[in-house]
Every structure is written in structure tokens, then in C-alpha cells.
Amino acid sequence: LLFFLGTVSCTLFLAVNCLYSASDDVIELTPTNFNKEVIQSESLWLVEFYAPWCGHCQRLTPEWKKAATALKGVVKVGAVDADKHQSLGGQYGVRGFPTIKIFGANKNKAEDYQGGRTSDAIVDAALSALRSLVKDRLSGRSGGYSSGKQSRESGGGDKKDVIELTDDSFDKNVINSDDVWMVEFYAPWCGHCKNLEPEWAAAATEVKEQTKGKVKLAAVDATVNQMLAGRYGIRGFPTIKIFQKGEDPVDYDGGRTRSDIIARALDLFSDNAPPPELLEIINEDVLKSTCDAHQLCIISVLPHILDTGASGRNSYLDVMLKMAEKYKKKMWGWLWTEAGAQSDLESSLGIGGFGYPAMAAVNARKMKFALLKGSFSEQGINEFLRELSVGRGSTAPVGGGAFPKIHSVEPWDGKDGELPVEDDIDLSDVDLDDWDKDEL
């Protein structure tokens with residue numbers, strides 16, 4: 001049985017089928033049909049981004065189908081397998097499952113749905129959004145959206161999130177920045193630049209929102225700012241370059257559509273994003289919330305603090321942090337506990353009181369786990385996780401079919417351990433001469 005596949009089609013996923021089928025009123029959306037069905041549509045759309053393995057998604061499925069049937073002919077209801085189509089999920093900043101977006105009049109600015117997960121709540125939200133869309137049309141504020149592009153004639157606000165740079169402002173803003181910059185060098189007379197302009201502007205707004213400003217889109221008029229054009233060897237227009245702190249700029253050679261630009265920007269963002277948190281299992285909530293929210297949770301059981309001291313423990317934690325950084329795009333959860341602190345959990349994972357440090361990768365939905373067989377080192381753990389990421393490696397069911405009781409413990413204070421204090425024995429009242437005689 002395959003334990004995990006990084007990107008897997010529903011037909012290959014052994015335990016879970018696609019959540020929706022052609023017989024449902026939910027419209028399956030993919031990178032191939034998304035632009036035509038949603039972006040170029042004048043209809044209001046509710047779109048769920050899901051993963052087949054996600055328990056919350058599975059619970060939402062019957063409600064989503066019921067809402068789709070109720071809204072048929074009124075509001076379009078779709079679903080994207082964002083585990084299979086990661087580029088599409090990434091384009092819309094999907095970081096967890098399920099994520100629901102409302103695509104209204106301005107398809108370039110989808111709204112997050114934050115309501116309840118029942119069919120009634122979903123229908124109410126859809127009708128409320130539809131009412132707003134119709135009232136906007138009635139007042140002349142919006143005439144629908146058919147092209148999926150922002151009009152160049154629709155006002156200067158379209159370019160509000162594109163940062164204009166000059167010879168004087170470039171170094172201060174870009175070279176010394178901790179953020180990632182995508183910079184377009186253009187010429188005002190260039191036809192290709194004019195075609196790119198609305199795509200670049202729309203992407204700038206999406207990227208600013210989805211990366212919290214950590215990836216910035218900028219533009220340089222290379223006919224005016226000739227020092228910059230010469231420094232970076234600009235020979236044709238538009239030329240797009242990517243700037244990251246401490247690295248030489250590289251050319252962006254991807255597509256020129258909004259979705260292409262956003263996808264690359266989000267890749268750059270994830271490359272530069274911090275690794276996931278490494279949490280100590282101090283109570284049941286830490287374990288369950290982490291393992292329920294991720295397809296895999298990586299659990300390490302480290303030796304007792306008296307066996308390693310603070311420096312030894314920190315060296316193990318450093319190895320885990322490096323691996324969390326290396327595999328951060330997998331969006332796995334990372335946990336650790338001290339030997340003996342959660343003995344029931346150890347037993348359920350086949351660790352059972354010896355062989356520390358140990359590591360298990362747990363699929364909480366299937367309640368299956370795989371154990372690290374090699375060394376607890378960067379090389380050993382990397383080989384273990386690489387095998388899992390391509391669906392290889394032997395697995396076993398979690399003992400008892402569920403996580404055992406987790407004990408609440410005090411978090412590690414970062415210090416060396418101390419032996420328990422024993423009571424001093426006062427021998428002043430003992431007649432040692434008599435004691436020796438008795439012994440003899």
C-alpha cells in the first residue's frame with residue numbers, strides 16, 4: 001500500500017477516490033478549463049480547493065454537493081483537486097484544505113469564504129454575494145467580467161501595486177531588501193510591454209496579498225533609467241529579472257499571463273518562507289492539531305535530557321529543523337518528545353522504550369506510520385523522507401488504530417537536566433561500633 005505520494009491522481013490513490021464525479025452538480029475544475037469556466041465567466045462562482053486525503057474535505061463533500069444542486073442555474077459551484085493541481089492551488093494562495101473562494105464580478109480578486117460548512121450556510125453566502133453583484137450592476141459600478149484581464153483604460157488604480165523604480169531609487173529598495181523582487185524593464189512604445197501591463201498589474205495585487213508583501217512586482221522605464229538598463233544588460237522589451245538578497249539577478253523566462261507570473265512568485269515565496277514550526281508534544285492538542293492538519297507528521301523521540309544535556313538535545317533539534325527547512329514545500333507537521341514522556345505513544349509507534357533518538361512519520365488519516373531505520377542524521381533522515389515522498393518505504397498500522405492518551409507535561413526549559421534531590425541521611429545518632437558488631 002502506498003504510504004504517501006507527493007502529487008497523485010485520484011485513480012492512483014488507493015484508499016480515497018475523487019470526491020466528486022460527473023454525475024454531481026459540482027463542476028470539476030482543472031488548470032485546463034479554469035480560465036474559460038471561471039475567469040472568463042460572467043457568473044458568480046463558489047470554488048472549493050480540496051485534497052482527496054483531507055478529512056475536513058471529505059466531511060464537506062456531501063454538503064458541497066447539496067449546495068451545488070440547490071444553486072444549480074443560479075450560482076456556479078466548482079471544485080479543484082489542489083493536491084493534484086498544485087499550481088492552481090498555489091496561484092490562489094491555498095495553504096490548507098478545504099479553502100473556499102468566491103469569484104464575483106472582479107475575477108482577479110477572489111474573496112475568501114469564511115462561513116459555516118453546512119449546505120445552508122454555503123447557500124446563504126452564495127445568495128448574499130449574488131445580491132451584492134446584482135446591486136453593483138444596477139448602480140453601474142460593475143458590468144460583469146468577461147475577459148479575465150484588467151482593462152488598461154479602467155484607471156490608474158489598476159497599477160497601484162506595481163512599484164515604479166528609477167536609477168535613484170532602485171538600490172535602496174531592491175538591492176538592500178530582504179524581500180524578493182520581480183522587476184519588469186519596459187519601454188513605453190513597446191507593444192509587448194503594453195500587452196503585459198494589465199497582466200503584471202493584476203499579478204502585483206494578487207502577489208502582494210498572498211505573500212503579505214514578501215514578493216514585490218516592480219517596473220522600470222528603461223528608456224529613461226538608462227543606468228539600470230546598462231547595468232543589467234537590457235537589450236529587448238519587456239525583460240523581467242528576479243532579485244533576491246545575496247544572489248545575482250536571474251532572468252524570468254516563464255509565461256506572460258497573470259497566472260504564470262503569480263505561480264512563479266508563489267514558488268519564490270515558498271522557497272524563501274520560513275520552515276514549519278518544530279513543536280514539543282506537551283499535550284494532546286499539540287499532537288492532534290498538528291497531525292490532523294497535515295498529511296504527514298514527523299515525530300521524533302529524543303533521549304532523556306540527563307543522557308544528552310542541553311547541547312546534545314539542541315544538536316538533535318537542529319537536525320530536525322534542517323530537515324523541516326529542506327522539506328518545507330511538503331507542508332508536513334514536525335513534532336518531538338522526550339523519551340519516556342509519552343510512553344504510550346512510543347509503544348503505538350513501535351519505538352517501545354529503547355533505541356533513542358527515534359523518528360516516525362505518521363499518516364493520521366490512515367493511522368499508519370513508517371519508522372526511520374537509518375541513522376538520526378541529516379543523511380539518514382533525508383533518505384528516509386525522500387523514500388516516503390515518492391511513495392516507498394514499509395509502513396505499519398498505529399497500535400490500537402488510534403493515537404493513545406497523551407500526557408500533559410511541562411515544556412523543556414532549554415537547560416541541562418538535574419537529578420532528583422534525595423533526602424540527606426543523618427548518621428549522627430547511629431552507634432557505628434554496635435552496628436559493626438551486629439553485622440559480624
# chains A, B, ... in the order shown; residues from 1 in each chain; ligands from 1
>>> closest_atom_pairs(of="segment 327-410 of chain A", to="segment 308-323 of chain A", cutoff="9 Å", atoms="only C-alpha atoms", output="JSON lines")
{"residue": "A:Tyr327", "atom": "CA", "partner": "A:Met323", "partner_atom": "CA", "distance": 6.1}
{"residue": "A:Lys328", "atom": "CA", "partner": "A:Met323", "partner_atom": "CA", "distance": 8.2}
{"residue": "A:Trp334", "atom": "CA", "partner": "A:Met320", "partner_atom": "CA", "distance": 8.1}
{"residue": "A:Trp336", "atom": "CA", "partner": "A:Leu317", "partner_atom": "CA", "distance": 8.5}
{"residue": "A:Pro357", "atom": "CA", "partner": "A:Tyr316", "partner_atom": "CA", "distance": 8.2}
{"residue": "A:Phe376", "atom": "CA", "partner": "A:Tyr316", "partner_atom": "CA", "distance": 8.0}
{"residue": "A:Ser377", "atom": "CA", "partner": "A:Val319", "partner_atom": "CA", "distance": 6.6}
{"residue": "A:Glu378", "atom": "CA", "partner": "A:Val319", "partner_atom": "CA", "distance": 6.0}
{"residue": "A:Ile381", "atom": "CA", "partner": "A:Met323", "partner_atom": "CA", "distance": 7.6}
{"residue": "A:Asn382", "atom": "CA", "partner": "A:Met323", "partner_atom": "CA", "distance": 7.0}
{"residue": "A:Leu385", "atom": "CA", "partner": "A:Met323", "partner_atom": "CA", "distance": 8.8}
>>> write_last_selection(atoms="N, CA, C and O atoms", output="tab-separated table (two decimals), in the first residue's frame")
chain	number	residue	atom	x	y	z
A	327	TYR	N	12.31	20.13	3.50
A	327	TYR	CA	11.05	19.56	3.02
A	327	TYR	C	9.85	20.47	3.29
A	327	TYR	O	8.71	20.01	3.35
A	328	LYS	N	10.09	21.77	3.43
A	328	LYS	CA	9.00	22.67	3.83
A	328	LYS	C	7.88	22.76	2.79
A	328	LYS	O	6.73	23.00	3.13
A	334	TRP	N	5.82	18.86	12.22
A	334	TRP	CA	7.06	18.40	12.85
A	334	TRP	C	6.92	18.48	14.38
A	334	TRP	O	6.63	19.55	14.92
A	336	TRP	N	8.26	16.70	18.45
A	336	TRP	CA	9.24	15.91	19.19
A	336	TRP	C	8.77	15.74	20.63
A	336	TRP	O	7.95	16.50	21.14
A	357	PRO	N	17.95	8.39	19.65
A	357	PRO	CA	16.72	9.03	19.17
A	357	PRO	C	16.03	8.18	18.10
A	357	PRO	O	16.67	7.40	17.39
A	376	PHE	N	20.00	8.77	12.82
A	376	PHE	CA	19.32	10.03	13.09
A	376	PHE	C	20.31	11.15	12.75
A	376	PHE	O	20.91	11.77	13.62
A	377	SER	N	20.48	11.37	11.46
A	377	SER	CA	21.43	12.36	10.94
A	377	SER	C	20.79	12.99	9.72
A	377	SER	O	19.76	12.51	9.22
A	378	GLU	N	21.38	14.07	9.24
A	378	GLU	CA	20.83	14.71	8.05
A	378	GLU	C	20.74	13.72	6.89
A	378	GLU	O	19.72	13.64	6.20
A	381	ILE	N	18.06	10.80	7.79
A	381	ILE	CA	16.67	11.29	7.76
A	381	ILE	C	16.27	11.70	6.36
A	381	ILE	O	15.14	11.47	5.91
A	382	ASN	N	17.20	12.32	5.63
A	382	ASN	CA	16.90	12.73	4.26
A	382	ASN	C	16.53	11.53	3.39
A	382	ASN	O	15.56	11.58	2.62
A	385	LEU	N	12.97	10.37	4.44
A	385	LEU	CA	11.88	11.24	3.98
A	385	LEU	C	11.76	11.24	2.45
A	385	LEU	O	10.66	11.35	1.91
>>> select_by_dssp(residues="segment 262-432 of chain A", states="strand (DSSP E or B)", output="number ranges by chain")
A: 278-280, 297-302, 333-338, 358-363, 368-371, 396-397
>>> select_by_dssp(residues="segment 310-377 of chain A", states="helix (DSSP H, G or I)", output="ChimeraX atom specification")
/A:310-326,328-330,343-348
>>> atom_distance(atom1="atom CA of Ile163 of chain A", atom2="atom CA of Pro274 of chain A")
24.9 Å
>>> residues_around(residues="Pro98 of chain A", least_positions_apart="6", cutoff="7 Å", atoms="only C-alpha atoms", output="list in words")
Glu48, Phe49, Tyr50, His56 and Cys57 of chain A
>>> write_last_selection(atoms="all heavy atoms", output="short mmCIF file (atom, residue, chain, number, x, y, z; two decimals), in the first residue's frame")
data_model
loop_
_atom_site.label_atom_id
_atom_site.label_comp_id
_atom_site.auth_asym_id
_atom_site.auth_seq_id
_atom_site.Cartn_x
_atom_site.Cartn_y
_atom_site.Cartn_z
N GLU A 48 -14.28 25.32 -4.34
CA GLU A 48 -13.60 24.65 -3.23
C GLU A 48 -12.28 24.08 -3.72
O GLU A 48 -12.24 23.37 -4.73
CB GLU A 48 -14.46 23.51 -2.68
CG GLU A 48 -13.74 22.70 -1.60
CD GLU A 48 -14.27 21.28 -1.44
OE1 GLU A 48 -15.16 20.87 -2.23
OE2 GLU A 48 -13.77 20.56 -0.56
N PHE A 49 -11.19 24.40 -3.03
CA PHE A 49 -9.89 23.80 -3.29
C PHE A 49 -9.69 22.72 -2.23
O PHE A 49 -9.68 23.02 -1.02
CB PHE A 49 -8.77 24.84 -3.21
CG PHE A 49 -8.84 25.90 -4.28
CD1 PHE A 49 -9.69 26.99 -4.15
CD2 PHE A 49 -8.08 25.79 -5.43
CE1 PHE A 49 -9.77 27.96 -5.14
CE2 PHE A 49 -8.14 26.75 -6.43
CZ PHE A 49 -8.99 27.84 -6.28
N TYR A 50 -9.56 21.45 -2.66
CA TYR A 50 -9.54 20.34 -1.70
C TYR A 50 -8.40 19.38 -2.01
O TYR A 50 -7.72 19.46 -3.04
CB TYR A 50 -10.87 19.58 -1.75
CG TYR A 50 -11.08 18.75 -3.02
CD1 TYR A 50 -10.68 17.42 -3.08
CD2 TYR A 50 -11.66 19.31 -4.15
CE1 TYR A 50 -10.85 16.66 -4.23
CE2 TYR A 50 -11.84 18.57 -5.32
CZ TYR A 50 -11.43 17.25 -5.35
OH TYR A 50 -11.60 16.50 -6.49
N HIS A 56 -11.35 16.93 6.60
CA HIS A 56 -12.31 18.03 6.59
C HIS A 56 -12.99 18.14 5.21
O HIS A 56 -14.18 18.45 5.13
CB HIS A 56 -11.63 19.35 6.94
CG HIS A 56 -11.12 19.41 8.35
ND1 HIS A 56 -11.93 19.29 9.44
CD2 HIS A 56 -9.85 19.57 8.84
CE1 HIS A 56 -11.21 19.38 10.55
NE2 HIS A 56 -9.94 19.54 10.21
N CYS A 57 -12.21 17.90 4.15
CA CYS A 57 -12.77 17.95 2.80
C CYS A 57 -13.80 16.83 2.60
O CYS A 57 -14.86 17.05 2.00
CB CYS A 57 -11.66 17.81 1.75
SG CYS A 57 -10.33 19.02 1.90
#
>>> residues_around(residues="segment 205-221 of chain A", least_positions_apart="2", cutoff="6 Å", atoms="only C-alpha atoms", output="list in words")
Gly93, Asp161, Val162, Ile163, Glu164, Leu165, Asp179, Val180, Trp181, Met182, Val183, Glu184, Phe185, Tyr186, Ala187, Ala202, Ala203, Thr223 and Val224 of chain A
